[in-house]
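Participant: This is the structure, below, for whatever I ask next.
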Amino acid sequence: MRASADEVPILYIDTHLVHEVTSPQAFEGLRLNNRKVRRPNLTFATMDHNVPTTDRSLPITDLIAAKQMETLAENCAEFDIPLYDIDSPDQGIVHVIGPELGITQPGMTIVCGDSHTSTHGALGALAFGIGTSEIEHVLATQCLLQQKSETFEIRIDGTLPYGVTAKDIILAIIGHIGIDGGNGAVVEYTGSAIRALSIEERMTVCNMSIEAGARAGMIAPDDTTYKYIAGKRFAPKDEDFDAAVERWKQLPTDDGATYDRTLILDAADIAPQVTWGTNPGMVTDVTGRVPDPADMETTDDKRAAEHALAYMDLQPGTPITDIPVDRVFIGSCTNSRISDLRAAAEVAKGRKVAANVSAMVVPGSQAVKRQAEAEGLDAVFREAGFEWREAGCSMCLGMNPDTLSPGQRCASTSNRNFEGRQGKGGRTHLVSPQMAAATAVTGRFVDIRKFQ
Amino acid sequence: MEAFKEHVGFVVPLDRINVDTDQIIPKQFLKRIERTGFGDFLFNDWRYLENGDPNPEFVLNDPRYANASILIAGANFGCGSSREHAPWALQQYGFKAILAPSFADIFRNNCYKNGILPIALPADVIASLSQEAHDTEGYQLMVDLEAQSVICPDGTAHTFEIGDFEKHCLLNGLDEIGWTLQYEADIAAYENRG
């Protein structure tokens, strides 16, 4: 919007997504300063982080969570912001419903008070997470003070082997560059393996850009993108759509453009990934073993690995496939879209969840849930012994009643295996939906490529 | 926002890398709709035992560091979630500055908005300051934002980088929204472009 050499650039925000957890103090700030929401029509709100995933006709038992949801509803009413509340047929995880409703479009600047806003980069948008003060800033001004980031190309060439998914691509990337490897950068994912991904798979990749420390991750729009957007509720229609596509075609990075940094990986080298530690960079191939902290290069890494193994209750050298689990969670803004559920259901079909394992599937949105039910996926999961839930963030961060108990070990399709993330004392291993479903059946991690 | 010019304070070393915002303020405390009351829950899962008593193993509970207002930590401090509750908790506990080899982007931004100064210094400098804080009871540092300098008791000064605008905002306790709103005409013109 405004850029000059001696001032911080002002970036205009095309779409602002809002949820119940990080917004109340921002609205309060507006009231205290007698400010309005500048563009309510560019602002969309939903309830996702806190919402229970059990029967929605029952009252919410967590009164503090209920109060936070009620506060969002009041704020949206007061400032005239469209809200997809807990009873809306469009409710869902903010990063699932944005693309699903066609709100997310190429070339847009999109922000949300949530670090996984990088998800929307899958459609060629510049999308990143902000804090509550910045939410207030965007509400009041529709702008953000934003320094330009470095550019980081991550190119994945080749063809993904059987059983290897978008989740494995991004976990392998984070394993390569570390959880601060993308700090200060916006990542552009390029290469033939990225081009071959569906939009939902691209979302999985871009979603976890923040887990490598990158502010945003993006993939240039192409025919796959335009086809995905066509016909969605908030997408341009008819001639407007055609005109938009012509504009969007101007967006991709020029041939021969240079980046501040580049990483090139071969898709053929990527195996199904499983995290063993307490951040997403502590990851290895499913055929690998829990590493020995003694082998770590720096004292800091050694100490971090020792700490992680103590928390995870794992011994160095243990084969990943020898690790048993208590819980399986299929859901989150990383892996809760219809293609994720289809992939997990294909593995679960005609099989049973292991006796000692409790497994749940939480669709990313009510629309995903309806689609899955129309396809009979809910029946597949239920017959296999999975719980089938209502839409929300659920056990990705355990703000609602879906949490791990201390000491429980979980195979999870979510994005963070931080200490206590899914419940105090809970132990999280990040995997793809296919791997999660197979792990539920066998009761321990299993190489999906050999799963019969 | 409270202005930050200079600060002299006791130092506590937290010898961990990649401290994520889930550790700084666990999710169960994010349900509050207020901006205050987070200080007691800072590092909750590390700081308290199952029964709610302070964990004697955790450095913030060491009586030597009871009045610390400067935190020294490992690389990539504040990674993970964008929750501004993390700097709120640090600030409300009493921290004014955080020293580390590096910070996660969103967390660093969130600090600036709350009058906390995140200071990135080379890893060897951080390691030696951390060692001093371990070895010397009552170890203090002075942070001078105007001079962009961390000054040790022996007078050694370590300079640090900060963006001109961030510095200006912190020194003056500037209302950034007010700053942007002075460009109202430019924003409106942008919105009405063809």
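Within each chain, counting starts at residue 1; across the structure tokens, chains are named A, B, ... in the order shown, with ligands numbered 1 upward in that order.
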DSSP says strand (DSSP E) for which residues of region 24-194 of chain B? Put them as number ranges by chain?
Facilitator: B: 68-73, 97-100, 117-120, 140-144, 149-151, 157-159
Participant: Write the residues of the selection above to a file with N, CA, C and O atoms, as a JSON list (two decimals), in the first residue's frame.
Facilitator:
```json
[["chain", "number", "residue", "atom", "x", "y", "z"],
["B", 68, "ALA", "N", 14.61, -11.60, 38.87],
["B", 68, "ALA", "CA", 15.17, -11.39, 37.53],
["B", 68, "ALA", "C", 14.18, -10.67, 36.62],
["B", 68, "ALA", "O", 12.97, -10.90, 36.66],
["B", 69, "SER", "N", 14.72, -9.77, 35.80],
["B", 69, "SER", "CA", 13.89, -9.08, 34.81],
["B", 69, "SER", "C", 14.49, -9.18, 33.41],
["B", 69, "SER", "O", 13.98, -8.60, 32.46],
["B", 70, "ILE", "N", 15.62, -9.90, 33.31],
["B", 70, "ILE", "CA", 16.24, -10.15, 32.00],
["B", 70, "ILE", "C", 16.42, -11.65, 31.86],
["B", 70, "ILE", "O", 17.01, -12.30, 32.73],
["B", 71, "LEU", "N", 15.87, -12.20, 30.79],
["B", 71, "LEU", "CA", 15.95, -13.65, 30.56],
["B", 71, "LEU", "C", 16.98, -13.92, 29.47],
["B", 71, "LEU", "O", 16.95, -13.27, 28.42],
["B", 72, "ILE", "N", 17.87, -14.87, 29.74],
["B", 72, "ILE", "CA", 18.80, -15.32, 28.70],
["B", 72, "ILE", "C", 18.41, -16.73, 28.29],
["B", 72, "ILE", "O", 18.23, -17.60, 29.15],
["B", 73, "ALA", "N", 18.23, -16.96, 27.01],
["B", 73, "ALA", "CA", 17.78, -18.28, 26.55],
["B", 73, "ALA", "C", 18.56, -18.72, 25.32],
["B", 73, "ALA", "O", 19.34, -17.96, 24.75],
["B", 97, "ALA", "N", 13.44, -7.64, 29.14],
["B", 97, "ALA", "CA", 14.27, -7.93, 27.95],
["B", 97, "ALA", "C", 14.58, -9.41, 27.91],
["B", 97, "ALA", "O", 14.68, -10.06, 28.96],
["B", 98, "ILE", "N", 14.71, -9.94, 26.70],
["B", 98, "ILE", "CA", 15.08, -11.34, 26.51],
["B", 98, "ILE", "C", 16.29, -11.37, 25.59],
["B", 98, "ILE", "O", 16.28, -10.74, 24.52],
["B", 99, "LEU", "N", 17.32, -12.07, 26.03],
["B", 99, "LEU", "CA", 18.55, -12.18, 25.24],
["B", 99, "LEU", "C", 18.68, -13.61, 24.73],
["B", 99, "LEU", "O", 18.56, -14.55, 25.53],
["B", 100, "ALA", "N", 18.89, -13.77, 23.45],
["B", 100, "ALA", "CA", 19.05, -15.10, 22.87],
["B", 100, "ALA", "C", 19.81, -14.97, 21.56],
["B", 100, "ALA", "O", 19.86, -13.88, 20.97],
["B", 117, "LEU", "N", 11.89, -6.05, 25.06],
["B", 117, "LEU", "CA", 12.93, -5.96, 24.05],
["B", 117, "LEU", "C", 13.57, -7.32, 23.82],
["B", 117, "LEU", "O", 14.23, -7.86, 24.71],
["B", 118, "PRO", "N", 13.37, -7.92, 22.62],
["B", 118, "PRO", "CA", 14.09, -9.15, 22.28],
["B", 118, "PRO", "C", 15.44, -8.77, 21.68],
["B", 118, "PRO", "O", 15.50, -8.05, 20.70],
["B", 119, "ILE", "N", 16.51, -9.24, 22.30],
["B", 119, "ILE", "CA", 17.85, -8.85, 21.87],
["B", 119, "ILE", "C", 18.60, -10.07, 21.37],
["B", 119, "ILE", "O", 18.85, -11.00, 22.13],
["B", 120, "ALA", "N", 18.93, -10.06, 20.09],
["B", 120, "ALA", "CA", 19.71, -11.17, 19.52],
["B", 120, "ALA", "C", 21.19, -10.82, 19.58],
["B", 120, "ALA", "O", 21.61, -9.76, 19.11],
["B", 140, "GLN", "N", 23.87, -8.71, 37.11],
["B", 140, "GLN", "CA", 22.98, -7.74, 36.47],
["B", 140, "GLN", "C", 23.54, -7.28, 35.13],
["B", 140, "GLN", "O", 24.75, -7.30, 34.91],
["B", 141, "LEU", "N", 22.64, -6.88, 34.28],
["B", 141, "LEU", "CA", 23.04, -6.29, 33.00],
["B", 141, "LEU", "C", 22.26, -4.99, 32.82],
["B", 141, "LEU", "O", 21.19, -4.80, 33.41],
["B", 142, "MET", "N", 22.85, -4.12, 32.00],
["B", 142, "MET", "CA", 22.13, -2.90, 31.64],
["B", 142, "MET", "C", 21.84, -2.95, 30.14],
["B", 142, "MET", "O", 22.72, -3.27, 29.34],
["B", 143, "VAL", "N", 20.61, -2.63, 29.80],
["B", 143, "VAL", "CA", 20.23, -2.58, 28.39],
["B", 143, "VAL", "C", 19.94, -1.12, 28.04],
["B", 143, "VAL", "O", 19.11, -0.48, 28.70],
["B", 144, "ASP", "N", 20.65, -0.61, 27.06],
["B", 144, "ASP", "CA", 20.46, 0.77, 26.62],
["B", 144, "ASP", "C", 19.94, 0.72, 25.18],
["B", 144, "ASP", "O", 20.71, 0.44, 24.26],
["B", 149, "SER", "N", 22.73, -1.30, 23.01],
["B", 149, "SER", "CA", 23.87, -1.90, 23.69],
["B", 149, "SER", "C", 23.45, -2.62, 24.97],
["B", 149, "SER", "O", 22.59, -2.14, 25.71],
["B", 150, "VAL", "N", 24.07, -3.79, 25.20],
["B", 150, "VAL", "CA", 23.93, -4.51, 26.47],
["B", 150, "VAL", "C", 25.25, -4.33, 27.20],
["B", 150, "VAL", "O", 26.31, -4.69, 26.66],
["B", 151, "ILE", "N", 25.19, -3.77, 28.39],
["B", 151, "ILE", "CA", 26.43, -3.43, 29.10],
["B", 151, "ILE", "C", 26.60, -4.32, 30.33],
["B", 151, "ILE", "O", 25.68, -4.43, 31.17],
["B", 157, "ALA", "N", 30.59, -3.77, 26.49],
["B", 157, "ALA", "CA", 29.30, -3.49, 25.83],
["B", 157, "ALA", "C", 29.14, -4.37, 24.60],
["B", 157, "ALA", "O", 30.08, -4.54, 23.82],
["B", 158, "HIS", "N", 27.97, -4.95, 24.46],
["B", 158, "HIS", "CA", 27.65, -5.76, 23.27],
["B", 158, "HIS", "C", 26.55, -5.04, 22.50],
["B", 158, "HIS", "O", 25.45, -4.86, 23.03],
["B", 159, "THR", "N", 26.84, -4.65, 21.28],
["B", 159, "THR", "CA", 25.80, -3.95, 20.53],
["B", 159, "THR", "C", 24.89, -4.94, 19.82],
["B", 159, "THR", "O", 25.28, -6.07, 19.51]]
```
Participant: Please check the contacts: residues of chain B at most 6 Å away from chain A, using only C-alpha atoms, listed as a ChimeraX atom specification.
Facilitator: /B:31,33,35,81-84,110,177
Participant: From region 71-276 of chain A, collect each residue whose DSSP state is helix (DSSP H, G or I) and return the set as number ranges by chain.
Facilitator: A: 71-79, 94-100, 115-123, 132-141, 166-177, 192-195, 199-212, 223-229, 238-248, 267-269
Participant: Of the residues B:Gly94, B:Ala3, B:Tyr112, B:Pro26, which is the one nearest to Phe165 (chain B), using only C-alpha atoms?
Facilitator: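 For Phe165 (chain B), the nearest of the candidates is B:Tyr112.
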Participant: List the neighbours of region 217-220 of chain A out to 6 Å using only C-alpha atoms; skip same-chain residues closer than 2 positions along the sequence, and give me the result as a ChimeraX atom specification.
Facilitator: /A:118,121-122,124,186-189,206,209,252
Participant: Given the selection you just returned, output its residues as a file containing C-alpha atoms, formatted as a PDB file, in the first residue's frame.
Facilitator:
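Below is the file result_4.pdb, written as the result:
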```pdb
ATOM      1  CA  SER A 118       0.655 -20.071   6.080  1.00  0.00           C
ATOM      2  CA  GLY A 121      -0.218 -19.913   0.548  1.00  0.00           C
ATOM      3  CA  ALA A 122      -1.164 -23.165  -1.186  1.00  0.00           C
ATOM      4  CA  GLY A 124      -0.719 -18.481  -4.206  1.00  0.00           C
ATOM      5  CA  VAL A 186       8.877 -16.595   2.966  1.00  0.00           C
ATOM      6  CA  VAL A 187       9.228 -20.000   1.358  1.00  0.00           C
ATOM      7  CA  GLU A 188       8.154 -20.701  -2.203  1.00  0.00           C
ATOM      8  CA  TYR A 189       7.748 -24.414  -2.887  1.00  0.00           C
ATOM      9  CA  CYS A 206       2.323 -24.738   3.248  1.00  0.00           C
ATOM     10  CA  SER A 209       6.041 -23.751   6.824  1.00  0.00           C
ATOM     11  CA  PRO A 252       4.044 -16.743 -10.587  1.00  0.00           C
TER      12      PRO A 252
END
```
Participant: Pick out the residues sitting within 7 Å of Leu160 (chain A), and hand them over as a PyMOL selection string; count only C-alpha atoms, and ignore anything fewer than 5 positions along from it in its own chain.
Facilitator: chain A and resi 193+267-268
Participant: Would you list the contacts of region 80-87 of chain A as an mmCIF file with C-alpha atoms, in the first residue's frame, taking every protein, DNA or RNA residue within 6 Å and counting only C-alpha atoms, but skipping same-chain residues closer than 4 positions in sequence?
Facilitator:
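Result file follows (around-v3.cif):
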```
data_model
loop_
_atom_site.group_PDB
_atom_site.id
_atom_site.type_symbol
_atom_site.label_atom_id
_atom_site.label_comp_id
_atom_site.auth_asym_id
_atom_site.auth_seq_id
_atom_site.Cartn_x
_atom_site.Cartn_y
_atom_site.Cartn_z
ATOM 1 C CA PRO A 40 -15.949 -5.803 8.228
ATOM 2 C CA PHE A 44 -14.420 -13.467 8.464
ATOM 3 C CA ALA A 45 -14.762 -15.176 11.826
ATOM 4 C CA THR A 46 -15.287 -18.732 12.963
ATOM 5 C CA MET A 47 -15.068 -20.775 16.149
ATOM 6 C CA CYS A 76 -18.895 -9.956 15.544
ATOM 7 C CA GLN A 91 -18.176 -23.832 10.766
#
```
Participant: May I ask for the distance between CA of Lys167 (chain A) and CA of Pro280 (chain A), given in Å to one decimal place?
Facilitator: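 One can read the CA of Lys167 (chain A) to CA of Pro280 (chain A) distance as 11.4 Å.
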Participant: From the options A:Thr119, A:Gln273, A:Ser432, A:Thr258, which residue's atoms come nearest to Glu200 (chain A), counting only C-alpha atoms?
Facilitator: A:Thr119
Participant: So, counting only C-alpha atoms, which residue among A:Lys249, A:Lys352, A:Arg409, A:Arg370 is closest to Glu383 (chain A)?
Facilitator: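 Closest to Glu383 (chain A), using only C-alpha atoms: A:Lys352.
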Participant: Please provide the set of residues having any atom within 12 Å of Tyr162 (chain A), restricted to only C-alpha atoms, with same-chain residues fewer than 4 positions apart removed, written as JSON, numbers by chain.
Facilitator: {"A": [166, 168, 267, 268, 269, 270, 271, 272, 434, 447, 448, 449, 450, 451]}
Participant: Can you write just those residues out, N, CA and C atoms, as a PDB file, in the first residue's frame?
Facilitator:
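Output contents, as saved in out.pdb:
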```pdb
ATOM      1  N   ALA A 166       2.192 -35.587   1.063  1.00  0.00           N
ATOM      2  CA  ALA A 166       2.558 -34.185   1.265  1.00  0.00           C
ATOM      3  C   ALA A 166       3.074 -33.968   2.690  1.00  0.00           C
ATOM      4  N   ASP A 168       4.727 -36.043   4.479  1.00  0.00           N
ATOM      5  CA  ASP A 168       6.101 -36.538   4.554  1.00  0.00           C
ATOM      6  C   ASP A 168       7.072 -35.569   3.881  1.00  0.00           C
ATOM      7  N   ALA A 267      12.140 -35.971  -4.629  1.00  0.00           N
ATOM      8  CA  ALA A 267      10.975 -36.638  -4.038  1.00  0.00           C
ATOM      9  C   ALA A 267      11.230 -38.123  -3.828  1.00  0.00           C
ATOM     10  N   ALA A 268      12.000 -38.709  -4.730  1.00  0.00           N
ATOM     11  CA  ALA A 268      12.245 -40.154  -4.660  1.00  0.00           C
ATOM     12  C   ALA A 268      12.991 -40.554  -3.386  1.00  0.00           C
ATOM     13  N   ASP A 269      13.701 -39.577  -2.766  1.00  0.00           N
ATOM     14  CA  ASP A 269      14.475 -39.880  -1.561  1.00  0.00           C
ATOM     15  C   ASP A 269      13.641 -39.790  -0.286  1.00  0.00           C
ATOM     16  N   ILE A 270      12.384 -39.349  -0.421  1.00  0.00           N
ATOM     17  CA  ILE A 270      11.577 -39.125   0.789  1.00  0.00           C
ATOM     18  C   ILE A 270      10.825 -40.399   1.162  1.00  0.00           C
ATOM     19  N   ALA A 271      10.931 -40.774   2.442  1.00  0.00           N
ATOM     20  CA  ALA A 271      10.222 -41.935   2.985  1.00  0.00           C
ATOM     21  C   ALA A 271       9.130 -41.439   3.926  1.00  0.00           C
ATOM     22  N   PRO A 272       8.175 -42.300   4.296  1.00  0.00           N
ATOM     23  CA  PRO A 272       7.206 -41.890   5.318  1.00  0.00           C
ATOM     24  C   PRO A 272       7.937 -41.438   6.584  1.00  0.00           C
ATOM     25  N   GLN A 434      -2.464 -41.590   6.380  1.00  0.00           N
ATOM     26  CA  GLN A 434      -2.345 -43.023   6.078  1.00  0.00           C
ATOM     27  C   GLN A 434      -1.588 -43.746   7.183  1.00  0.00           C
ATOM     28  N   ASP A 447       5.341 -49.134   8.646  1.00  0.00           N
ATOM     29  CA  ASP A 447       5.702 -48.572   7.348  1.00  0.00           C
ATOM     30  C   ASP A 447       4.530 -48.802   6.392  1.00  0.00           C
ATOM     31  N   ILE A 448       3.867 -47.741   6.047  1.00  0.00           N
ATOM     32  CA  ILE A 448       2.648 -47.836   5.232  1.00  0.00           C
ATOM     33  C   ILE A 448       2.942 -48.525   3.890  1.00  0.00           C
ATOM     34  N   ARG A 449       4.186 -48.449   3.456  1.00  0.00           N
ATOM     35  CA  ARG A 449       4.547 -49.052   2.161  1.00  0.00           C
ATOM     36  C   ARG A 449       4.523 -50.581   2.221  1.00  0.00           C
ATOM     37  N   LYS A 450       4.601 -51.120   3.443  1.00  0.00           N
ATOM     38  CA  LYS A 450       4.598 -52.585   3.598  1.00  0.00           C
ATOM     39  C   LYS A 450       3.313 -53.065   4.249  1.00  0.00           C
ATOM     40  N   PHE A 451       2.400 -52.133   4.480  1.00  0.00           N
ATOM     41  CA  PHE A 451       1.183 -52.461   5.227  1.00  0.00           C
ATOM     42  C   PHE A 451       0.253 -53.285   4.343  1.00  0.00           C
TER      43      PHE A 451
END
```
Participant: Name the residues in contact with Phe58 (chain B) at a cut-off of 8 Å, using only C-alpha atoms, excluding same-chain residues fewer than 4 positions from it; report them as a list in words.
Facilitator: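 Final neighbour list, sorted by chain and number: Trp46, Arg47 and Asp62 of chain B.
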Participant: Counting only C-alpha atoms, which residue out of B:Ile126, B:Ile116, B:Leu42, B:Leu60 sits closest to Gly173 (chain B)?
Facilitator: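 Closest candidate: B:Ile116.
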